[in-house]
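Have a look at final_34.tsv; it's TSV, C-alpha atoms and all ligand atoms:
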chain	number	residue	atom	x	y	z
A	9	MET	CA	-16.77	28.49	2.21
A	10	ASN	CA	-15.85	25.18	0.69
A	11	GLN	CA	-18.08	24.69	-2.29
A	12	PRO	CA	-17.56	21.91	-4.75
A	13	VAL	CA	-15.75	23.90	-7.35
A	14	THR	CA	-15.00	21.59	-10.10
A	15	ALA	CA	-14.28	18.08	-11.18
A	16	ALA	CA	-10.90	16.79	-10.03
A	17	LEU	CA	-8.70	14.05	-11.42
A	18	ALA	CA	-6.08	12.27	-9.32
A	19	THR	CA	-3.49	9.63	-10.05
A	20	ALA	CA	-1.93	7.62	-7.24
A	21	HIS	CA	0.50	4.76	-7.60
A	22	SER	CA	0.30	1.56	-5.63
A	23	ASN	CA	3.04	0.61	-3.18
A	24	ILE	CA	4.58	-2.47	-1.64
A	25	ALA	CA	5.76	-2.41	1.96
A	26	LEU	CA	9.36	-3.47	2.51
A	27	VAL	CA	8.78	-3.13	6.26
A	28	LYS	CA	5.26	-4.35	6.86
A	29	TYR	CA	2.12	-2.95	8.43
A	30	TRP	CA	-0.02	-5.57	10.19
A	31	GLY	CA	-2.27	-4.63	13.08
A	32	LYS	CA	-4.15	-1.60	14.32
A	33	ARG	CA	-3.49	0.32	17.49
A	34	ALA	CA	-5.86	-0.80	20.23
A	35	GLY	CA	-7.86	1.56	22.39
A	36	CYS	CA	-8.12	4.50	20.02
A	37	ASP	CA	-10.85	5.77	17.74
A	38	PRO	CA	-11.30	3.09	15.04
A	39	GLU	CA	-12.30	5.84	12.62
A	40	LEU	CA	-8.68	7.07	12.69
A	41	ASN	CA	-7.46	3.65	11.49
A	42	LEU	CA	-4.17	3.99	13.35
A	43	PRO	CA	-1.60	1.27	12.68
A	44	ALA	CA	0.08	-0.54	15.59
A	45	VAL	CA	3.36	-0.46	13.67
A	46	GLY	CA	5.01	1.85	11.19
A	47	SER	CA	5.83	0.74	7.67
A	48	LEU	CA	8.18	1.58	4.82
A	49	SER	CA	7.27	1.12	1.19
A	50	MET	CA	8.34	1.49	-2.40
A	51	THR	CA	5.86	3.24	-4.69
A	52	LEU	CA	5.29	1.32	-7.93
A	53	ASP	CA	5.64	2.91	-11.31
A	54	GLU	CA	3.20	1.04	-13.55
A	55	LEU	CA	0.55	0.14	-11.02
A	56	ARG	CA	-1.75	3.04	-10.45
A	57	THR	CA	-5.32	4.20	-9.96
A	58	VAL	CA	-6.78	7.19	-11.78
A	59	THR	CA	-9.91	8.63	-10.15
A	60	ARG	CA	-12.18	11.48	-11.15
A	61	VAL	CA	-14.60	12.98	-8.64
A	62	ALA	CA	-17.21	15.41	-9.95
A	63	PRO	CA	-20.40	16.93	-8.56
A	64	ALA	CA	-23.44	14.94	-9.71
A	65	SER	CA	-27.16	14.60	-9.06
A	66	ALA	CA	-26.63	11.36	-7.07
A	67	ASP	CA	-23.70	9.43	-5.61
A	68	ARG	CA	-22.36	6.83	-7.99
A	69	PHE	CA	-19.16	4.81	-8.20
A	70	GLU	CA	-17.82	3.36	-11.41
A	71	LEU	CA	-14.74	1.13	-11.38
A	72	ASP	CA	-13.05	-0.01	-14.58
A	73	GLY	CA	-16.14	0.83	-16.61
A	74	GLU	CA	-18.60	-1.01	-14.35
A	75	GLU	CA	-21.14	0.48	-11.98
A	76	VAL	CA	-20.32	-0.65	-8.40
A	77	GLU	CA	-23.00	-0.97	-5.72
A	78	GLY	CA	-23.34	-2.47	-2.24
A	79	LYS	CA	-20.56	-2.53	0.34
A	80	PRO	CA	-17.60	-1.43	-1.84
A	81	ALA	CA	-19.58	1.60	-3.07
A	82	ALA	CA	-20.75	2.39	0.47
A	83	LYS	CA	-17.10	2.43	1.60
A	84	VAL	CA	-16.28	4.98	-1.09
A	85	PHE	CA	-19.23	7.23	-0.20
A	86	ALA	CA	-18.41	6.94	3.52
A	87	HIS	CA	-14.91	8.16	2.72
A	88	LEU	CA	-16.38	11.16	0.88
A	89	ASP	CA	-18.51	11.90	3.97
A	90	ARG	CA	-15.39	11.64	6.14
A	91	LEU	CA	-13.39	14.02	3.93
A	92	TRP	CA	-16.22	16.53	3.85
A	93	ARG	CA	-16.28	16.43	7.67
A	94	LEU	CA	-12.49	16.55	8.05
A	95	GLY	CA	-12.36	19.56	5.75
A	96	ALA	CA	-14.90	21.33	8.00
A	97	CYS	CA	-17.01	21.95	4.93
A	98	SER	CA	-20.37	23.54	5.61
A	99	GLY	CA	-23.76	22.26	4.56
A	100	PRO	CA	-24.60	18.82	3.27
A	101	ARG	CA	-22.01	17.02	1.21
A	102	PRO	CA	-22.71	17.36	-2.51
A	103	ARG	CA	-23.48	14.15	-4.35
A	104	CYS	CA	-20.59	12.92	-6.45
A	105	ALA	CA	-19.79	10.76	-9.43
A	106	VAL	CA	-16.62	8.79	-8.68
A	107	VAL	CA	-15.08	7.22	-11.75
A	108	SER	CA	-12.01	5.11	-11.13
A	109	THR	CA	-9.68	3.09	-13.33
A	110	ASN	CA	-7.15	0.64	-11.94
A	111	HIS	CA	-4.08	0.31	-14.09
A	112	LEU	CA	-2.87	-2.89	-12.51
A	113	PRO	CA	-1.60	-4.93	-15.48
A	114	THR	CA	-2.92	-8.15	-14.01
A	115	ALA	CA	-6.17	-7.42	-12.26
A	116	ALA	CA	-6.01	-10.46	-10.03
A	117	GLY	CA	-4.52	-10.61	-6.63
A	118	LEU	CA	-2.69	-7.34	-6.18
A	119	ALA	CA	-4.07	-4.94	-3.64
A	120	SER	CA	-5.62	-1.82	-5.11
A	121	SER	CA	-6.74	-0.26	-1.84
A	122	ALA	CA	-3.49	1.71	-1.45
A	123	SER	CA	-3.65	3.47	-4.81
A	124	GLY	CA	-7.47	3.45	-4.74
A	125	PHE	CA	-7.94	5.28	-1.45
A	126	ALA	CA	-5.04	7.64	-2.15
A	127	ALA	CA	-6.49	8.65	-5.53
A	128	LEU	CA	-10.00	8.94	-4.09
A	129	THR	CA	-8.78	11.14	-1.23
A	130	ILE	CA	-6.86	13.47	-3.53
A	131	ALA	CA	-9.61	13.77	-6.14
A	132	ALA	CA	-12.34	14.34	-3.55
A	133	ALA	CA	-10.23	16.96	-1.75
A	134	GLY	CA	-9.78	18.69	-5.11
A	135	CYS	CA	-13.50	18.53	-5.85
A	136	PHE	CA	-14.45	19.83	-2.38
A	137	GLY	CA	-12.07	22.79	-2.62
A	138	LEU	CA	-9.75	21.34	0.05
A	139	ALA	CA	-6.68	21.02	-2.17
A	140	GLU	CA	-5.62	23.01	-5.20
A	141	GLN	CA	-2.14	21.65	-5.57
A	142	LEU	CA	-0.12	19.00	-3.85
A	143	ASP	CA	2.51	21.00	-1.99
A	144	ASP	CA	4.26	19.30	0.94
A	145	PRO	CA	1.82	20.29	3.73
A	146	THR	CA	-1.20	19.39	1.59
A	147	ARG	CA	0.30	16.03	0.69
A	148	ALA	CA	0.96	15.29	4.38
A	149	ARG	CA	-2.62	16.26	5.32
A	150	LEU	CA	-4.11	14.14	2.54
A	151	SER	CA	-1.86	11.22	3.51
A	152	ALA	CA	-3.41	11.21	7.00
A	153	TRP	CA	-6.90	11.37	5.47
A	154	ALA	CA	-6.11	8.56	3.02
A	155	ARG	CA	-4.95	6.42	5.97
A	156	MET	CA	-8.47	6.57	7.39
A	157	GLY	CA	-9.69	4.87	4.22
A	158	SER	CA	-6.91	2.29	4.18
A	159	GLY	CA	-3.64	2.21	6.09
A	160	SER	CA	-1.42	1.45	3.11
A	161	ALA	CA	-3.00	4.35	1.15
A	162	ALA	CA	-1.21	6.86	3.40
A	163	ARG	CA	2.05	5.82	1.72
A	164	SER	CA	0.83	6.33	-1.85
A	165	LEU	CA	0.93	10.14	-1.74
A	166	TRP	CA	4.64	10.12	-2.56
A	167	GLY	CA	6.83	8.41	-5.09
A	168	GLY	CA	10.05	6.54	-4.43
A	169	PHE	CA	10.40	5.25	-0.89
A	170	VAL	CA	8.03	6.30	1.88
A	171	ARG	CA	7.95	5.79	5.65
A	172	LEU	CA	4.77	5.86	7.70
A	173	ASP	CA	5.41	6.15	11.43
A	174	ALA	CA	2.91	4.60	13.83
A	175	GLY	CA	3.19	7.49	16.29
A	176	THR	CA	1.78	7.49	19.81
A	177	ALA	CA	-0.65	10.46	19.91
A	178	ASP	CA	-4.28	9.43	20.48
A	179	ASP	CA	-5.48	11.78	17.76
A	180	GLY	CA	-3.08	10.28	15.21
A	181	SER	CA	-1.34	13.60	14.65
A	182	ASP	CA	2.11	11.98	14.70
A	183	CYS	CA	1.09	9.03	12.51
A	184	ARG	CA	2.44	10.57	9.34
A	185	ALA	CA	3.97	9.35	6.16
A	186	ARG	CA	7.01	11.06	4.70
A	187	PRO	CA	9.13	10.52	1.62
A	188	LEU	CA	12.64	9.16	2.06
A	189	PRO	CA	15.56	10.33	-0.06
A	190	SER	CA	15.32	9.28	-3.68
A	191	PRO	CA	17.11	6.04	-4.51
A	192	ARG	CA	18.53	7.29	-7.79
A	193	PRO	CA	21.20	6.70	-8.98
A	194	TRP	CA	20.83	3.64	-6.79
A	195	ASP	CA	18.30	2.10	-9.11
A	196	LEU	CA	16.13	-0.73	-7.85
A	197	ARG	CA	13.36	-2.83	-9.32
A	198	LEU	CA	10.60	-4.88	-7.77
A	199	LEU	CA	9.67	-8.07	-9.57
A	200	VAL	CA	6.04	-8.96	-8.98
A	201	VAL	CA	5.90	-12.72	-9.34
A	202	HIS	CA	2.32	-13.92	-9.85
A	203	THR	CA	1.74	-17.37	-8.41
A	204	ALA	CA	-2.04	-17.54	-8.82
A	205	ARG	CA	-4.69	-16.27	-11.18
A	206	GLY	CA	-7.92	-14.65	-10.15
A	207	ALA	CA	-7.31	-15.45	-6.51
A	208	LYS	CA	-9.42	-13.32	-4.24
A	209	GLN	CA	-7.35	-12.20	-1.30
A	210	VAL	CA	-8.61	-12.67	2.22
A	211	GLY	CA	-9.32	-9.19	3.59
A	212	SER	CA	-6.46	-7.64	5.54
A	213	THR	CA	-8.56	-5.60	7.93
A	214	GLY	CA	-10.24	-8.61	9.59
A	215	GLY	CA	-7.04	-10.64	9.49
A	216	MET	CA	-5.09	-7.98	11.36
A	217	GLU	CA	-7.68	-7.78	14.09
A	218	SER	CA	-7.72	-11.53	14.40
A	219	SER	CA	-3.89	-11.57	14.77
A	220	ARG	CA	-4.04	-8.89	17.44
A	221	LEU	CA	-6.60	-10.84	19.42
A	222	THR	CA	-5.23	-14.37	19.08
A	223	SER	CA	-1.63	-14.59	17.86
A	224	PRO	CA	0.84	-15.10	20.73
A	225	TYR	CA	3.51	-13.62	18.45
A	226	TYR	CA	1.62	-10.36	17.95
A	227	PRO	CA	3.21	-8.45	20.90
A	228	ALA	CA	6.70	-9.42	19.70
A	229	TRP	CA	5.78	-8.38	16.16
A	230	VAL	CA	4.69	-4.95	17.34
A	231	GLU	CA	7.61	-4.46	19.74
A	232	SER	CA	10.30	-5.32	17.23
A	233	SER	CA	8.99	-3.38	14.26
A	234	ALA	CA	10.43	0.07	15.06
A	235	ALA	CA	13.96	-1.35	14.92
A	236	ASP	CA	13.25	-2.79	11.46
A	237	LEU	CA	11.99	0.56	10.24
A	238	ASP	CA	15.09	2.35	11.44
A	239	ALA	CA	17.35	-0.31	9.96
A	240	ALA	CA	15.58	-0.12	6.59
A	241	GLU	CA	15.70	3.66	6.51
A	242	ALA	CA	19.41	3.62	7.41
A	243	ALA	CA	20.05	1.07	4.65
A	244	LEU	CA	18.20	3.20	2.12
A	245	ARG	CA	20.13	6.30	3.09
A	246	ALA	CA	23.42	4.39	2.89
A	247	ARG	CA	22.33	2.69	-0.34
A	248	ALA	CA	23.19	-0.59	1.31
A	249	PHE	CA	21.18	-2.97	-0.85
A	250	ASP	CA	21.92	-6.21	1.02
A	251	GLN	CA	21.21	-4.57	4.35
A	252	LEU	CA	17.85	-3.33	3.04
A	253	GLY	CA	17.06	-6.74	1.57
A	254	GLU	CA	17.91	-8.54	4.79
A	255	VAL	CA	15.62	-6.42	6.97
A	256	MET	CA	12.90	-6.55	4.32
A	257	GLU	CA	12.87	-10.36	4.36
A	258	HIS	CA	12.97	-10.41	8.15
A	259	SER	CA	9.94	-8.09	8.40
A	260	CYS	CA	8.01	-10.19	5.88
A	261	PHE	CA	8.67	-13.53	7.55
A	262	LYS	CA	8.01	-12.13	10.99
A	263	MET	CA	4.63	-10.85	9.79
A	264	HIS	CA	3.78	-14.22	8.23
A	265	ALA	CA	4.85	-16.02	11.43
A	266	CYS	CA	2.45	-13.77	13.33
A	267	MET	CA	-0.27	-14.53	10.77
A	268	LEU	CA	0.35	-18.29	10.96
A	269	ALA	CA	0.10	-18.22	14.75
A	270	THR	CA	-3.31	-16.53	14.50
A	271	ARG	CA	-6.39	-18.63	15.40
A	272	PRO	CA	-7.61	-19.77	12.95
A	273	ALA	CA	-4.30	-19.60	11.07
A	274	LEU	CA	-3.88	-17.04	8.33
A	275	MET	CA	-2.01	-18.79	5.53
A	276	TYR	CA	-1.81	-16.64	2.43
A	277	TRP	CA	0.76	-18.66	0.47
A	278	ASN	CA	0.42	-21.48	-1.99
A	279	GLY	CA	3.00	-24.06	-3.10
A	280	ALA	CA	4.38	-21.82	-5.84
A	281	THR	CA	4.93	-19.02	-3.32
A	282	LEU	CA	7.41	-21.26	-1.48
A	283	GLU	CA	9.04	-22.42	-4.71
A	284	VAL	CA	9.70	-18.81	-5.71
A	285	ILE	CA	11.12	-17.94	-2.30
A	286	ARG	CA	13.44	-20.95	-2.45
A	287	ALA	CA	14.52	-20.08	-6.00
A	288	VAL	CA	15.42	-16.53	-4.95
A	289	TRP	CA	17.42	-17.82	-2.00
A	290	GLN	CA	19.20	-20.48	-4.07
A	291	LEU	CA	20.19	-17.98	-6.75
A	292	ARG	CA	21.50	-15.62	-4.09
A	293	GLU	CA	23.57	-18.35	-2.46
A	294	ALA	CA	24.87	-19.62	-5.79
A	295	GLY	CA	26.14	-16.21	-6.88
A	296	GLY	CA	23.29	-15.65	-9.36
A	297	PRO	CA	21.27	-12.45	-9.63
A	298	VAL	CA	20.58	-11.18	-6.13
A	299	GLY	CA	17.00	-10.70	-4.96
A	300	TYR	CA	15.22	-10.35	-1.64
A	301	VAL	CA	11.62	-11.45	-1.17
A	302	THR	CA	8.54	-10.07	0.42
A	303	SER	CA	4.87	-11.07	0.26
A	304	ASP	CA	1.63	-9.61	1.51
A	305	ALA	CA	-1.84	-10.91	2.32
A	306	GLY	CA	-1.84	-13.04	-0.82
A	307	PRO	CA	0.19	-15.71	-2.62
A	308	HIS	CA	2.30	-13.51	-4.90
A	309	VAL	CA	5.97	-12.87	-4.22
A	310	LYS	CA	7.63	-9.51	-4.71
A	311	VAL	CA	11.38	-9.54	-5.22
A	312	LEU	CA	13.61	-6.51	-4.75
A	313	CYS	CA	16.69	-6.42	-6.97
A	314	ARG	CA	19.11	-4.07	-8.68
A	315	ALA	CA	17.85	-2.71	-11.99
A	316	GLU	CA	20.68	-4.24	-13.99
A	317	GLN	CA	19.97	-7.72	-12.62
A	318	ALA	CA	16.20	-7.50	-13.06
A	319	PRO	CA	16.00	-9.08	-16.57
A	320	ALA	CA	18.11	-12.11	-15.60
A	321	LEU	CA	16.31	-12.62	-12.29
A	322	ALA	CA	12.89	-12.22	-13.91
A	323	ALA	CA	13.79	-14.87	-16.50
A	324	GLU	CA	14.90	-17.31	-13.77
A	325	LEU	CA	11.72	-16.78	-11.76
A	326	ALA	CA	9.42	-17.03	-14.78
A	327	ALA	CA	10.73	-20.60	-15.18
A	328	VAL	CA	9.70	-21.68	-11.65
A	329	ALA	CA	6.78	-24.13	-11.65
A	330	GLY	CA	3.48	-22.40	-10.87
A	331	VAL	CA	4.58	-18.90	-11.89
A	332	HIS	CA	2.15	-17.23	-14.29
A	333	GLU	CA	3.79	-13.91	-14.89
A	334	VAL	CA	6.67	-11.76	-13.70
A	335	GLN	CA	6.28	-7.99	-13.87
A	336	ARG	CA	9.27	-5.70	-13.56
A	337	VAL	CA	8.33	-2.53	-11.76
A	338	ALA	CA	10.46	0.57	-11.11
A	339	PRO	CA	10.00	3.03	-8.26
A	340	GLY	CA	7.02	5.22	-9.13
A	341	PRO	CA	6.33	8.95	-8.99
A	342	ASP	CA	4.40	11.16	-6.58
A	343	ALA	CA	0.61	11.16	-6.72
A	344	SER	CA	-0.85	14.00	-8.76
A	345	LEU	CA	-3.93	16.20	-8.91
A	346	GLU	CA	-5.53	18.06	-11.77
A	347	LEU	CA	-8.54	20.33	-11.40
A	348	THR	CA	-10.52	20.20	-14.62
B	401	LIG	C1	1.39	-3.54	4.04
B	401	LIG	N1	-0.67	-4.89	4.12
B	401	LIG	O1	2.17	-2.93	4.82
B	401	LIG	C2	0.62	-4.68	4.65
B	401	LIG	C3	1.33	-5.98	4.54
B	401	LIG	C4	-0.93	-6.27	3.88
B	401	LIG	C5	0.23	-7.00	4.40
B	401	LIG	O2	-1.25	-2.73	4.26
B	401	LIG	O3	-7.28	-2.26	7.15
B	401	LIG	O4	-5.56	-2.73	3.03
B	401	LIG	O5	-7.42	-0.92	5.04
B	401	LIG	O6	-5.80	-0.29	6.84
B	401	LIG	O7	-3.98	-1.03	4.05
B	401	LIG	C6	-2.94	-4.16	3.65
B	401	LIG	O8	-3.73	-3.51	4.54
B	401	LIG	O9	-5.50	-2.39	5.53
B	401	LIG	C7	-1.57	-3.88	4.02
B	401	LIG	P1	-6.55	-1.40	6.17
B	401	LIG	P2	-4.72	-2.30	4.18
B	401	LIG	O10	1.28	-3.23	2.82
Would you give me this structure, written as structure tokens?
Ligand code: 2P0
Amino acid sequence: MNQPVTAALATAHSNIALVKYWGKRAGCDPELNLPAVGSLSMTLDELRTVTRVAPASADRFELDGEEVEGKPAAKVFAHLDRLWRLGACSGPRPRCAVVSTNHLPTAAGLASSASGFAALTIAAAGCFGLAEQLDDPTRARLSAWARMGSGSAARSLWGGFVRLDAGTADDGSDCRARPLPSPRPWDLRLLVVHTARGAKQVGSTGGMESSRLTSPYYPAWVESSAADLDAAEAALRARAFDQLGEVMEHSCFKMHACMLATRPALMYWNGATLEVIRAVWQLREAGGPVGYVTSDAGPHVKVLCRAEQAPALAAELAAVAGVHEVQRVAPGPDASLELT
């Protein structure tokens, strides 16, 4: 019954985890890509991926105007196969042209897998007749499917703030993302402080597995993460900025401690990363604009602050040695789908 009906266009915004995901659940189907810990993120306004999936005579993947082949393209086509199967579509999967554009103002160093796999999932579901509009149940279903492409992509179906629970069910049915109450009028910004140019990030997927297998801190990381999630959600609901910032920093540094204790060590920071962290802390202690830091599997620092303090804090951080650029990003909107 599910025939490829039409071309579909999806937009999904990237996200940054305030409470981090690092590690996959052991002993379950790797295809499900189930996280060992839940996570909580802010969707980013400017940073987004727009993807069009349309029936074609052969599979092809174009990213930012360039034809992509090899492993990255194979990953995209494998995800199309997976979606076709998950949608219980009959017959062979139709060949598709996937045309994607990353609107990530600085191409280097910021993960695009979250917005990329979310947009791909939505557009392919539209093309395969598995989604006509993004109502709540459809969004939740597509979030679980996006997770199988990349864990962080599950969070990019919604705007604002999003929580992805790890769940315990073997089939992943309770590993679901959900939107948290909108922060407005409690208006926040995330400053993305670029501390390197063109740096290729070390892949997260392999790093996580390595931490699970070798880091003595990994069990403590997993055990303590649910409390951080609850604390962050409570802080969001109470609009308690400092409480949210405190748990956000704790989650980040706990993840990096777990990474550093991995064999061989996973060290994603550079010197400027530390300088930025220190600058944020010093400003906070000195009564300057208040920010809280987080960082992912790369050297850049993301700083959460109140909207009204964002210009002053961005100016301070732009002056730190080794900083190339500071982007100010607001909470972003829900992902969208258009059948064309
Ligand atoms: C996060 N990261 O919560 C964490 C913090 C990186 C550090 O989600 O293996 O690309 O595809 O599920 O989603 C990056 O991991 O990993 C990530 P896979 P993904 O944002």
Contacts of ligand LIG 401 (chain B), 7 Å or closer, all atoms listed in the file, given as a short mmCIF file (atom, residue, chain, number, x, y, z; two decimals) with C-alpha atoms, keeping the file's coordinate frame:
data_model
loop_
_atom_site.label_atom_id
_atom_site.label_comp_id
_atom_site.auth_asym_id
_atom_site.auth_seq_id
_atom_site.Cartn_x
_atom_site.Cartn_y
_atom_site.Cartn_z
CA ILE A 24 4.58 -2.47 -1.64
CA ALA A 25 5.76 -2.41 1.96
CA VAL A 27 8.78 -3.13 6.26
CA LYS A 28 5.26 -4.35 6.86
CA TYR A 29 2.12 -2.95 8.43
CA TRP A 30 -0.02 -5.57 10.19
CA ASN A 41 -7.46 3.65 11.49
CA SER A 47 5.83 0.74 7.67
CA SER A 121 -6.74 -0.26 -1.84
CA ALA A 122 -3.49 1.71 -1.45
CA ARG A 155 -4.95 6.42 5.97
CA GLY A 157 -9.69 4.87 4.22
CA SER A 158 -6.91 2.29 4.18
CA GLY A 159 -3.64 2.21 6.09
CA SER A 160 -1.42 1.45 3.11
CA ALA A 161 -3.00 4.35 1.15
CA SER A 212 -6.46 -7.64 5.54
CA THR A 213 -8.56 -5.60 7.93
CA ASP A 304 1.63 -9.61 1.51
CA ALA A 305 -1.84 -10.91 2.32
#
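Of note, atom CA of Thr146 of chain A and atom CA of Leu196 of chain A are spaced 28.2 Å apart.
The closest residue to Asn278 of chain A, picked from A:Cys183, A:Thr203, A:Asp37, A:Gly31 and counting all atoms listed in the file, is A:Thr203.
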Near-His258 of chain A list (12 Å; all atoms listed in the file; drop same-chain fewer than 3 positions) as a VMD selection string = chain A and resid 26 to 28 229 232 to 233 235 to 237 239 to 240 251 to 255 261 to 265 300 to 303
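Of the listed residues A:Met267, A:Ala34, A:Ala248, A:Ala18, the one whose atoms come nearest to Glu140 of chain A is A:Ala18, with distances taken using all atoms listed in the file.
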Expressed in Å, the length from atom CA of Arg292 of chain A to atom CA of Ala327 of chain A is 16.2 Å
Rebuild segment 314-331 of chain A to N, CA and C atoms - output it as a short mmCIF file (atom, residue, chain, number, x, y, z; two decimals), keeping the file's coordinate frame, please.
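Now in out36.cif:
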data_model
loop_
_atom_site.label_atom_id
_atom_site.label_comp_id
_atom_site.auth_asym_id
_atom_site.auth_seq_id
_atom_site.Cartn_x
_atom_site.Cartn_y
_atom_site.Cartn_z
N ARG A 314 18.51 -5.20 -7.98
CA ARG A 314 19.11 -4.07 -8.68
C ARG A 314 18.58 -4.05 -10.11
N ALA A 315 18.44 -2.84 -10.65
CA ALA A 315 17.85 -2.71 -11.99
C ALA A 315 18.60 -3.55 -13.02
N GLU A 316 19.93 -3.54 -12.93
CA GLU A 316 20.68 -4.24 -13.99
C GLU A 316 20.55 -5.76 -13.90
N GLN A 317 20.14 -6.26 -12.74
CA GLN A 317 19.97 -7.72 -12.62
C GLN A 317 18.52 -8.15 -12.81
N ALA A 318 17.63 -7.17 -13.00
CA ALA A 318 16.20 -7.50 -13.06
C ALA A 318 15.85 -8.42 -14.24
N PRO A 319 16.38 -8.18 -15.46
CA PRO A 319 16.00 -9.08 -16.57
C PRO A 319 16.41 -10.53 -16.31
N ALA A 320 17.63 -10.73 -15.83
CA ALA A 320 18.11 -12.11 -15.60
C ALA A 320 17.31 -12.77 -14.48
N LEU A 321 17.05 -12.04 -13.41
CA LEU A 321 16.31 -12.62 -12.29
C LEU A 321 14.86 -12.91 -12.70
N ALA A 322 14.27 -12.00 -13.45
CA ALA A 322 12.89 -12.22 -13.91
C ALA A 322 12.81 -13.47 -14.77
N ALA A 323 13.80 -13.68 -15.63
CA ALA A 323 13.79 -14.87 -16.50
C ALA A 323 13.90 -16.15 -15.66
N GLU A 324 14.76 -16.13 -14.65
CA GLU A 324 14.90 -17.31 -13.77
C GLU A 324 13.58 -17.60 -13.06
N LEU A 325 12.93 -16.57 -12.57
CA LEU A 325 11.72 -16.78 -11.76
C LEU A 325 10.52 -17.15 -12.63
N ALA A 326 10.52 -16.68 -13.87
CA ALA A 326 9.42 -17.03 -14.78
C ALA A 326 9.43 -18.53 -15.07
N ALA A 327 10.61 -19.16 -14.89
CA ALA A 327 10.73 -20.60 -15.18
C ALA A 327 10.36 -21.48 -13.99
N VAL A 328 10.07 -20.89 -12.84
CA VAL A 328 9.70 -21.68 -11.65
C VAL A 328 8.28 -22.22 -11.84
N ALA A 329 8.10 -23.49 -11.48
CA ALA A 329 6.78 -24.13 -11.65
C ALA A 329 5.71 -23.35 -10.88
N GLY A 330 4.59 -23.08 -11.54
CA GLY A 330 3.48 -22.40 -10.87
C GLY A 330 3.49 -20.89 -11.04
N VAL A 331 4.54 -20.36 -11.68
CA VAL A 331 4.58 -18.90 -11.89
C VAL A 331 3.87 -18.56 -13.19
#
